[in-house]
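Trainee: Next up, start.cif (mmCIF, C-alpha atoms and all ligand atoms).
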```
data_start
loop_
_atom_site.group_PDB
_atom_site.id
_atom_site.type_symbol
_atom_site.label_atom_id
_atom_site.label_comp_id
_atom_site.auth_asym_id
_atom_site.auth_seq_id
_atom_site.Cartn_x
_atom_site.Cartn_y
_atom_site.Cartn_z
ATOM 1 C CA MET A 229 -7.041 48.765 48.225
ATOM 2 C CA ILE A 230 -10.429 47.115 47.754
ATOM 3 C CA LYS A 231 -11.116 44.304 50.146
ATOM 4 C CA GLN A 232 -12.852 41.367 48.493
ATOM 5 C CA HIS A 233 -15.423 39.410 50.339
ATOM 6 C CA PRO A 234 -13.994 35.967 51.300
ATOM 7 C CA ASP A 235 -16.786 34.236 49.351
ATOM 8 C CA ALA A 236 -15.820 36.107 46.206
ATOM 9 C CA LEU A 237 -12.212 34.934 46.567
ATOM 10 C CA GLN A 238 -13.295 31.402 47.200
ATOM 11 C CA SER A 239 -15.578 31.247 44.219
ATOM 12 C CA LYS A 240 -12.838 32.746 42.068
ATOM 13 C CA SER A 241 -10.305 30.138 43.098
ATOM 14 C CA ARG A 242 -12.871 27.402 42.671
ATOM 15 C CA GLY A 243 -13.505 28.660 39.174
ATOM 16 C CA ILE A 244 -9.821 28.372 38.279
ATOM 17 C CA LYS A 245 -9.575 24.951 39.838
ATOM 18 C CA ASN A 246 -12.517 23.705 37.816
ATOM 19 C CA LYS A 247 -11.006 25.082 34.662
ATOM 20 C CA SER A 248 -7.708 23.293 35.171
ATOM 21 C CA ASN A 249 -9.478 20.083 36.196
ATOM 22 C CA SER A 250 -11.480 20.136 33.019
ATOM 23 C CA ARG A 251 -8.255 19.787 31.022
ATOM 24 C CA ILE A 252 -7.250 16.528 32.644
ATOM 25 C CA PRO A 253 -9.888 14.080 31.420
ATOM 26 C CA LYS A 254 -9.840 15.599 27.917
ATOM 27 C CA LYS A 255 -10.301 13.002 25.205
ATOM 28 C CA VAL A 256 -7.345 12.244 22.950
ATOM 29 C CA LYS A 257 -7.850 14.490 19.975
ATOM 30 C CA GLN A 258 -8.561 12.611 16.768
ATOM 31 C CA PRO A 259 -6.834 14.058 13.703
ATOM 32 C CA SER A 260 -9.274 15.770 11.354
ATOM 33 C CA LYS A 261 -10.310 14.112 8.102
ATOM 34 C CA LYS A 262 -8.298 16.743 6.259
ATOM 35 C CA THR A 263 -5.186 15.845 8.240
ATOM 36 C CA VAL A 264 -5.496 12.115 7.565
ATOM 37 C CA LYS A 265 -6.149 12.833 3.896
ATOM 38 C CA ASP A 266 -3.127 15.153 3.718
ATOM 39 C CA ASN A 267 -0.970 12.495 5.384
ATOM 40 C CA ALA A 268 -2.202 9.827 2.964
ATOM 41 C CA TRP A 269 -1.559 12.138 0.027
ATOM 42 C CA ARG A 270 1.946 12.991 1.274
ATOM 43 C CA ALA A 271 2.915 9.301 1.440
ATOM 44 C CA PHE A 272 1.289 8.519 -1.922
ATOM 45 C CA SER A 273 2.878 11.526 -3.634
ATOM 46 C CA ARG A 274 6.316 10.600 -2.324
ATOM 47 C CA TYR A 275 5.905 7.054 -3.600
ATOM 48 C CA ILE A 276 4.814 8.260 -7.063
ATOM 49 C CA ARG A 277 7.726 10.704 -7.370
ATOM 50 C CA LEU A 278 10.331 8.205 -6.185
ATOM 51 C CA ARG A 279 8.896 5.500 -8.462
ATOM 52 C CA ASP A 280 9.044 7.785 -11.483
ATOM 53 C CA CYS A 281 12.524 9.082 -10.703
ATOM 54 C CA LEU A 282 13.761 5.486 -10.660
ATOM 55 C CA LYS A 283 11.801 4.638 -13.792
ATOM 56 C CA THR A 284 12.933 7.620 -15.859
ATOM 57 C CA THR A 285 16.520 8.237 -14.687
ATOM 58 C CA GLY A 286 17.464 5.219 -12.587
ATOM 59 C CA SER A 287 18.147 7.537 -9.642
ATOM 60 C CA LEU A 288 16.049 8.473 -6.619
ATOM 61 C CA GLU A 289 17.075 12.123 -6.858
ATOM 62 C CA TYR A 290 16.076 13.142 -10.381
ATOM 63 C CA GLY A 291 13.131 12.393 -12.579
ATOM 64 C CA GLU A 292 11.467 13.371 -15.838
ATOM 65 C CA CYS A 293 8.221 15.289 -16.053
ATOM 66 C CA VAL A 294 5.523 13.031 -17.505
ATOM 67 C CA SER A 295 4.380 15.685 -19.950
ATOM 68 C CA CYS A 296 7.387 17.794 -21.029
ATOM 69 C CA ASP A 297 10.253 15.321 -20.419
ATOM 70 C CA ARG A 298 12.354 17.856 -18.515
ATOM 71 C CA THR A 299 14.605 16.229 -15.928
ATOM 72 C CA LEU A 300 14.361 17.864 -12.509
ATOM 73 C CA PRO A 301 15.382 17.167 -8.912
ATOM 74 C CA ILE A 302 12.690 15.250 -7.030
ATOM 75 C CA GLU A 303 11.974 18.253 -4.768
ATOM 76 C CA LEU A 304 10.827 20.172 -7.843
ATOM 77 C CA LEU A 305 8.487 17.465 -9.065
ATOM 78 C CA ASP A 306 4.810 17.229 -8.147
ATOM 79 C CA ALA A 307 2.667 14.133 -8.248
ATOM 80 C CA GLY A 308 0.364 15.360 -11.004
ATOM 81 C CA HIS A 309 -3.052 13.958 -11.870
ATOM 82 C CA PHE A 310 -3.767 13.094 -15.510
ATOM 83 C CA ILE A 311 -7.385 14.048 -14.876
ATOM 84 C CA PRO A 312 -8.104 16.707 -12.239
ATOM 85 C CA LYS A 313 -8.369 15.245 -8.732
ATOM 86 C CA LYS A 314 -11.594 13.498 -7.843
ATOM 87 C CA SER A 315 -12.271 10.767 -5.312
ATOM 88 C CA GLY A 316 -12.097 8.084 -8.014
ATOM 89 C CA ASN A 317 -8.619 8.946 -9.238
ATOM 90 C CA TYR A 318 -7.148 10.659 -6.198
ATOM 91 C CA PHE A 319 -4.826 7.758 -5.341
ATOM 92 C CA SER A 320 -4.521 6.239 -8.823
ATOM 93 C CA GLU A 321 -1.055 4.806 -9.415
ATOM 94 C CA ARG A 322 -1.397 5.027 -13.193
ATOM 95 C CA GLY A 323 -3.379 8.255 -13.164
ATOM 96 C CA VAL A 324 -0.801 10.129 -11.093
ATOM 97 C CA ASN A 325 2.767 10.607 -12.272
ATOM 98 C CA ALA A 326 5.762 12.777 -11.499
ATOM 99 C CA GLN A 327 5.272 16.087 -13.229
ATOM 100 C CA CYS A 328 7.053 19.430 -13.219
ATOM 101 C CA ARG A 329 5.307 22.256 -11.408
ATOM 102 C CA SER A 330 5.058 24.286 -14.570
ATOM 103 C CA CYS A 331 3.026 21.602 -16.370
ATOM 104 C CA ASN A 332 1.020 20.633 -13.295
ATOM 105 C CA ARG A 333 0.185 24.013 -11.865
ATOM 106 C CA PHE A 334 0.303 26.424 -14.761
ATOM 107 C CA HIS A 335 -0.510 24.490 -17.896
ATOM 108 C CA GLY A 336 -3.612 22.629 -16.780
ATOM 109 C CA GLY A 337 -1.652 19.394 -16.476
ATOM 110 C CA ASN A 338 -0.393 19.714 -20.088
ATOM 111 C CA GLN A 339 -3.037 17.117 -20.893
ATOM 112 C CA LEU A 340 -2.316 16.335 -24.523
ATOM 113 C CA GLU A 341 1.300 15.443 -23.858
ATOM 114 C CA TYR A 342 0.319 13.703 -20.620
ATOM 115 C CA ARG A 343 -2.131 11.496 -22.535
ATOM 116 C CA LYS A 344 0.535 10.467 -25.039
ATOM 117 C CA GLU A 345 2.870 9.468 -22.240
ATOM 118 C CA ILE A 346 0.122 7.508 -20.407
ATOM 119 C CA ILE A 347 -0.385 5.431 -23.558
ATOM 120 C CA CYS A 348 3.356 5.025 -23.960
ATOM 121 C CA ARG A 349 3.926 3.943 -20.345
ATOM 122 C CA TYR A 350 0.820 1.920 -19.595
ATOM 123 C CA GLY A 351 -0.575 0.917 -22.972
ATOM 124 C CA GLU A 352 -3.201 1.739 -25.574
ATOM 125 C CA GLY A 353 -6.588 2.535 -24.038
ATOM 126 C CA VAL A 354 -5.307 3.158 -20.518
ATOM 127 C CA ASP A 355 -6.034 6.869 -20.929
ATOM 128 C CA LEU A 356 -9.695 5.946 -21.450
ATOM 129 C CA GLU A 357 -9.657 3.556 -18.496
ATOM 130 C CA LEU A 358 -8.334 6.384 -16.337
ATOM 131 C CA GLU A 359 -11.118 8.665 -17.541
ATOM 132 C CA GLU A 360 -13.656 6.053 -16.426
ATOM 133 C CA GLU A 361 -11.851 5.547 -13.132
ATOM 134 C CA SER A 362 -12.032 9.261 -12.393
ATOM 135 C CA LYS A 363 -15.848 9.174 -12.689
ATOM 136 C CA GLN A 364 -16.228 6.711 -9.826
ATOM 137 C CA ILE A 365 -17.162 8.144 -6.471
ATOM 138 C CA ILE A 366 -15.185 6.606 -3.638
ATOM 139 C CA LYS A 367 -16.046 7.429 -0.053
ATOM 140 C CA ARG A 368 -13.019 6.956 2.179
ATOM 141 C CA THR A 369 -13.240 6.795 5.947
ATOM 142 C CA PRO A 370 -10.436 8.216 8.094
ATOM 143 C CA GLN A 371 -9.391 4.579 8.662
ATOM 144 C CA ASP A 372 -9.192 3.990 4.897
ATOM 145 C CA LEU A 373 -6.985 7.064 4.566
ATOM 146 C CA THR A 374 -4.751 5.948 7.424
ATOM 147 C CA ASN A 375 -4.395 2.559 5.723
ATOM 148 C CA ILE A 376 -3.441 4.265 2.457
ATOM 149 C CA GLU A 377 -0.800 6.282 4.294
ATOM 150 C CA LYS A 378 0.644 3.117 5.873
ATOM 151 C CA GLN A 379 0.567 1.200 2.601
ATOM 152 C CA TYR A 380 2.502 3.892 0.721
ATOM 153 C CA LYS A 381 4.996 4.451 3.519
ATOM 154 C CA ILE A 382 5.857 0.756 3.179
ATOM 155 C CA LYS A 383 6.131 1.084 -0.610
ATOM 156 C CA VAL A 384 8.419 4.118 -0.180
ATOM 157 C CA GLU A 385 10.667 2.120 2.155
ATOM 158 C CA GLU A 386 10.801 -0.685 -0.405
ATOM 159 C CA LEU A 387 11.931 1.742 -3.104
ATOM 160 C CA LEU A 388 14.501 3.403 -0.839
ATOM 161 C CA ASN A 389 15.930 0.052 0.213
ATOM 162 C CA GLY A 390 15.981 -1.196 -3.378
HETATM 163 ZN ZN ZN A 401 6.618 19.494 -17.403
#
```
What would the structure in this file look like if it were written as structure tokens?
Ligand SMILES: [Zn+2]
Mentor:
Amino acid sequence: MIKQHPDALQSKSRGIKNKSNSRIPKKVKQPSKKTVKDNAWRAFSRYIRLRDCLKTTGSLEYGECVSCDRTLPIELLDAGHFIPKKSGNYFSERGVNAQCRSCNRFHGGNQLEYRKEIICRYGEGVDLELEEESKQIIKRTPQDLTNIEKQYKIKVEELLNG
């Protein structure tokens, strides 16, 4: 057995003590920008899918894809962008609609059919307005994103409570 010098022991225990002390006054960890954006998107996406289920089938459980008209359970619907996601159209209520995964993820958004349905749902020229909207650059602070999350959680509750 190797005898340690008392000073060595002391410094070792002091080291541990310091380490544990350093955990106590730790600042409350702020969620990352990605996390707040993901949370905002989750609330927005849920609102869009619920809204479109109600609009297309009258139920909160099933909805039609905006671009191929297939009716699917809400869990199988995405919130699909008419124009690929940019800051300007990221949270666009008219530019994002319930869409099947096949159209959204594998057929480039099925844009031609999507455009026809945008005009049908929102009116002539709205497709062009959405193209303009997508060109804007919007800088959102974490607080903006948190506000978006709150706003859409309220809108979801309103839909669920009819
Ligand atoms: Zn589809």
Trainee: Name every residue that the PyMOL selection byres (((not hetatm)) within 8 of (chain A and resi 401)) selects in this structure, writing the answer as an mmCIF file with C-alpha atoms, keeping the file's coordinate frame with chains first and numbers rising.
Mentor:
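This is the output file part-v9.cif:
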```
data_model
loop_
_atom_site.group_PDB
_atom_site.id
_atom_site.type_symbol
_atom_site.label_atom_id
_atom_site.label_comp_id
_atom_site.auth_asym_id
_atom_site.auth_seq_id
_atom_site.Cartn_x
_atom_site.Cartn_y
_atom_site.Cartn_z
ATOM 1 C CA GLU A 292 11.467 13.371 -15.838
ATOM 2 C CA CYS A 293 8.221 15.289 -16.053
ATOM 3 C CA VAL A 294 5.523 13.031 -17.505
ATOM 4 C CA SER A 295 4.380 15.685 -19.950
ATOM 5 C CA CYS A 296 7.387 17.794 -21.029
ATOM 6 C CA ASP A 297 10.253 15.321 -20.419
ATOM 7 C CA ARG A 298 12.354 17.856 -18.515
ATOM 8 C CA GLN A 327 5.272 16.087 -13.229
ATOM 9 C CA CYS A 328 7.053 19.430 -13.219
ATOM 10 C CA ARG A 329 5.307 22.256 -11.408
ATOM 11 C CA SER A 330 5.058 24.286 -14.570
ATOM 12 C CA CYS A 331 3.026 21.602 -16.370
ATOM 13 C CA ASN A 332 1.020 20.633 -13.295
ATOM 14 C CA ASN A 338 -0.393 19.714 -20.088
#
```
Trainee: What is the atom CA of A:Lys363-atom CA of A:Asn317 distance in Å, reported with one decimal?
Mentor: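 Atom-to-atom, atom CA of A:Lys363 and atom CA of A:Asn317 are spaced 8.0 Å apart.
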Trainee: May I have the residues within 9 Å of A:Ile311 as a PyMOL selection string, using only C-alpha atoms and disregarding those fewer than 2 positions away in the same chain?
Mentor: chain A and resi 308-309+313-314+317+323-324+337+339+358-359+362
Trainee: Need the shell around A:Ile366: protein/DNA/RNA residues with any atom at most 12 Å away, counting all atoms listed in the file. Skip same-chain ones fewer than 6 positions apart. Format as a PyMOL selection string?
Mentor: chain A and resi 314-320+372-373
Trainee: Run the PyMOL selection byres (((chain A and resi 375) around 12) and not hetatm) against the file shown and list the residues it catches, as a list in words.
Mentor: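 Evaluating the PyMOL selection byres (((chain A and resi 375) around 12) and not hetatm) on this file yields Val264, Lys265, Asn267, Ala268, Trp269, Ala271, Phe272, Arg368, Thr369, Pro370, Gln371, Asp372, Leu373, Thr374, Ile376, Glu377, Lys378, Gln379, Tyr380, Lys381 and Ile382 of chain A.
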Trainee: In Å, with one decimal, what is the gap from atom CA of A:Asp306 to atom CA of A:Tyr275?
Mentor: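 Going from atom CA of A:Asp306 over to atom CA of A:Tyr275 covers 11.2 Å.
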Trainee: Just to confirm, what's the straight-line distance from atom CA of A:Glu352 to atom CA of A:Asn325 in Å (one decimal)?
Mentor: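 Value for the atom CA of A:Glu352-atom CA of A:Asn325 distance: 17.1 Å.
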Trainee: Residues proximal to (14.5, 17.1, -3.9) were defined as those with any atom within 7 Å of that point in the file's coordinates, counting all atoms listed in the file. Which are they, as number ranges by chain?
Mentor: A: 289, 301-304
Trainee: Name the closest residue to A:Arg277 among the candidates A:Leu300, A:Leu340, A:Val384, A:Ala307; distances are taken between atoms, counting all atoms listed in the file.
Mentor: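 Closest candidate: A:Ala307.
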Trainee: Would you mind listing what lies within 8 Å of A:Asp355 as a list of chain:residue names, with all atoms listed in the file counted and same-chain residues fewer than 4 positions away left out?
Mentor: A:Arg343, A:Ile346, A:Ile347, A:Glu359
Trainee: Just checking: using all atoms listed in the file, which residue out of A:Glu386, A:Glu341, A:Glu361, A:Glu321 ends up closest to A:Asp280?
Mentor: A:Glu321
